[in-house]
$ cat target.tsv   # TSV, C-alpha atoms and all ligand atoms
chain	number	residue	atom	x	y	z
M	16	MET	CA	117.32	183.03	-3.16
M	17	LYS	CA	118.53	180.08	-1.08
M	18	VAL	CA	121.87	178.60	-2.10
M	19	THR	CA	123.29	175.32	-0.90
M	20	PHE	CA	126.23	173.13	-1.75
M	21	ASP	CA	125.25	169.96	-3.59
M	22	PHE	CA	127.76	167.27	-2.63
M	23	LYS	CA	126.57	165.00	-5.42
M	24	THR	CA	127.45	167.51	-8.14
M	25	ARG	CA	130.00	169.40	-6.02
M	26	ALA	CA	128.50	172.69	-7.05
M	27	TRP	CA	126.60	175.52	-5.40
M	28	VAL	CA	122.97	175.39	-6.45
M	29	ASP	CA	119.95	177.60	-6.05
M	30	CYS	CA	117.44	175.46	-4.11
M	31	GLU	CA	114.53	177.62	-5.15
M	32	SER	CA	115.22	177.42	-8.85
M	33	ASP	CA	113.78	174.81	-11.19
M	34	ARG	CA	117.29	173.78	-12.18
M	35	HIS	CA	117.80	172.09	-8.82
M	36	GLN	CA	114.57	170.09	-9.17
M	37	ASN	CA	114.97	169.20	-12.83
M	38	PRO	CA	117.10	166.05	-13.43
M	39	LEU	CA	118.12	167.32	-16.87
M	40	ALA	CA	119.33	170.54	-15.28
M	41	MET	CA	121.27	168.45	-12.77
M	42	ASN	CA	123.05	166.80	-15.69
M	43	ASP	CA	124.07	170.29	-16.79
M	44	GLN	CA	125.46	170.89	-13.31
M	45	ILE	CA	127.47	167.66	-13.49
M	46	LEU	CA	128.85	168.66	-16.90
M	47	VAL	CA	129.86	172.07	-15.53
M	48	SER	CA	131.56	170.37	-12.60
M	49	LEU	CA	133.42	167.93	-14.86
M	50	ARG	CA	134.54	170.74	-17.16
M	51	ARG	CA	135.74	172.69	-14.11
M	52	ARG	CA	137.76	169.68	-12.95
M	53	ALA	CA	139.28	169.25	-16.42
M	54	PHE	CA	140.13	172.96	-16.42
M	55	LEU	CA	141.76	172.73	-12.98
M	56	ARG	CA	143.76	169.69	-14.10
M	57	ALA	CA	144.93	171.63	-17.16
M	58	CYS	CA	145.91	174.53	-14.91
M	59	ALA	CA	147.83	172.19	-12.63
M	60	GLY	CA	149.76	171.04	-15.69
M	61	GLY	CA	150.40	174.68	-16.49
M	62	VAL	CA	151.88	175.19	-13.03
M	63	ALA	CA	154.49	172.55	-13.89
M	64	LEU	CA	155.49	174.71	-16.88
M	65	ILE	CA	156.05	177.84	-14.78
M	66	PRO	CA	159.59	176.97	-13.68
M	67	ALA	CA	160.61	176.51	-17.33
M	68	ALA	CA	158.98	179.81	-18.23
M	69	ALA	CA	160.64	181.47	-15.24
M	70	LEU	CA	163.97	180.09	-16.42
M	71	VAL	CA	163.45	181.69	-19.82
M	72	ALA	CA	162.46	184.93	-18.09
M	73	CYS	CA	165.59	184.73	-15.93
M	74	LYS	CA	167.74	184.38	-19.05
M	75	GLY	CA	166.16	187.58	-20.30
M	76	SER	CA	166.95	189.39	-17.05
M	77	LEU	CA	170.75	189.15	-17.39
M	78	SER	CA	172.18	192.57	-16.65
M	79	CYS	CA	175.61	193.69	-17.85
M	80	ASN	CA	175.55	197.22	-16.51
M	81	ASP	CA	177.77	196.88	-13.44
M	82	THR	CA	180.52	199.35	-14.24
M	83	ALA	CA	181.67	199.85	-10.65
M	84	GLY	CA	185.16	198.51	-11.42
M	85	LEU	CA	185.73	200.76	-14.42
M	86	SER	CA	187.64	204.01	-14.50
M	87	PRO	CA	185.71	207.23	-15.16
M	88	GLU	CA	187.15	207.29	-18.70
M	89	GLU	CA	185.99	203.72	-19.39
M	90	GLN	CA	182.53	204.51	-18.05
M	91	LYS	CA	182.43	207.65	-20.18
M	92	MET	CA	183.35	205.65	-23.28
M	93	ARG	CA	180.42	203.26	-22.63
M	94	ALA	CA	178.09	206.19	-22.16
M	95	ASP	CA	179.44	208.17	-25.14
M	96	ASN	CA	178.92	205.17	-27.42
M	97	LYS	CA	175.46	204.62	-25.94
M	98	TYR	CA	175.98	201.03	-24.81
M	99	VAL	CA	172.68	199.29	-23.91
M	100	ASP	CA	171.89	195.72	-22.78
M	101	THR	CA	169.10	195.39	-25.33
M	102	SER	CA	169.78	196.32	-28.92
M	103	PRO	CA	167.14	198.46	-30.62
M	104	ASP	CA	167.89	196.53	-33.83
M	105	ALA	CA	167.60	192.73	-33.67
M	106	ALA	CA	170.00	192.46	-36.62
M	107	LYS	CA	172.71	194.40	-34.79
M	108	ARG	CA	173.60	192.84	-31.47
M	109	CYS	CA	176.86	192.48	-29.58
M	110	ASP	CA	176.85	188.72	-30.22
M	111	ASN	CA	177.14	189.36	-33.95
M	112	CYS	CA	179.61	192.23	-33.61
M	113	ILE	CA	183.24	191.67	-34.56
M	114	GLN	CA	184.36	193.18	-31.23
M	115	PHE	CA	182.42	190.76	-28.99
M	116	THR	CA	183.86	187.86	-27.01
M	117	ALA	CA	181.22	185.56	-25.53
M	118	GLY	CA	181.23	184.71	-21.84
M	119	ALA	CA	179.98	181.54	-20.15
M	120	PRO	CA	176.42	180.49	-21.02
M	121	ASP	CA	173.91	183.01	-19.59
M	122	LYS	CA	176.76	185.34	-18.51
M	123	CYS	CA	178.00	188.65	-19.80
M	124	GLY	CA	180.67	188.67	-22.44
M	125	SER	CA	183.32	191.28	-23.15
M	126	CYS	CA	184.20	193.73	-25.88
M	127	LYS	CA	187.56	194.62	-27.43
M	128	VAL	CA	186.77	198.34	-27.44
M	129	LEU	CA	184.35	198.95	-24.54
M	130	LYS	CA	185.45	197.81	-21.10
M	131	GLY	CA	183.16	196.13	-18.61
M	132	PRO	CA	180.49	193.44	-18.93
M	133	ILE	CA	178.74	193.22	-22.29
M	134	HIS	CA	175.34	191.65	-22.88
M	135	PRO	CA	175.14	189.29	-25.89
M	136	ALA	CA	171.91	191.06	-26.91
M	137	GLY	CA	173.44	194.50	-26.32
M	138	PHE	CA	174.47	197.23	-28.70
M	139	CYS	CA	176.55	200.37	-28.99
M	140	ASN	CA	177.37	202.87	-31.72
M	141	LEU	CA	180.64	201.06	-32.47
M	142	TRP	CA	178.85	197.94	-33.73
M	143	ALA	CA	180.51	196.28	-36.72
M	144	ALA	CA	179.34	193.07	-38.37
M	145	LYS	CA	181.36	189.91	-37.88
M	146	GLY	CA	183.18	189.04	-41.06
I	201	LIG	S1	181.60	197.33	-30.09
I	201	LIG	FE1	179.61	197.83	-29.18
I	201	LIG	S2	178.21	196.49	-30.30
I	201	LIG	FE2	180.24	195.66	-30.60
I	201	LIG	S3	180.51	194.15	-28.95
I	201	LIG	FE3	181.36	196.10	-28.24
I	201	LIG	S4	179.66	196.99	-27.11
I	201	LIG	FE4	178.76	195.43	-28.42

$ encode --input "target.tsv" --output "structure tokens" --more "lines below"
Ligand code: SF4
Amino acid sequence: MKVTFDFKTRAWVDCESDRHQNPLAMNDQILVSLRRRAFLRACAGGVALIPAAALVACKGSLSCNDTAGLSPEEQKMRADNKYVDTSPDAAKRCDNCIQFTAGAPDKCGSCKVLKGPIHPAGFCNLWAAKG
């Protein structure tokens, strides 16, 4: 099989096949090339969406587990009450708990009973619904 690049259709073609000789087949090649260009244009548009998607992903990557400044007792209380950054129950999250105080947008908040940073989507065994 001998393959060459056809600059007219901007596609690799098999010179020995009938498709290269047949004008109708060449139209198929042009259609494939045009569809490929449309696809690449669509992908290029998708690339422009990546930063927005990355931003959403970054919001999801907020971590509120830095307990370095807490006393051993405060750390133990977090552990004993099984604090986690991601609630296992979407209906019970720190941001709808009576003990939660929100922080700045996209930052950790705080809790009236557990010390240290608290994730808005977090949870612990002391959760109580806001009134
Ligand atoms: S008590 Fe628990 S669930 Fe409620 S805000 Fe504090 S850490 Fe979150």

$ residues_near_ligand --input "target.tsv" --ligand "ligand LIG 201 (chain I)" --cutoff "9 Å" --atoms "only C-alpha atoms and all ligand atoms" --output "VMD selection string"
chain M and resid 93 96 to 100 102 107 to 116 124 to 130 132 to 144

$ atom_distance --input "target.tsv" --atom1 "atom CA of M:Pro120" --atom2 "atom CA of M:Asp81"
18.1 Å

$ atom_distance --input "target.tsv" --atom1 "atom CA of M:Ala117" --atom2 "atom CA of M:Gly131"
12.8 Å

$ atom_distance --input "target.tsv" --atom1 "atom CA of M:Leu77" --atom2 "atom CA of M:Cys123"
7.7 Å
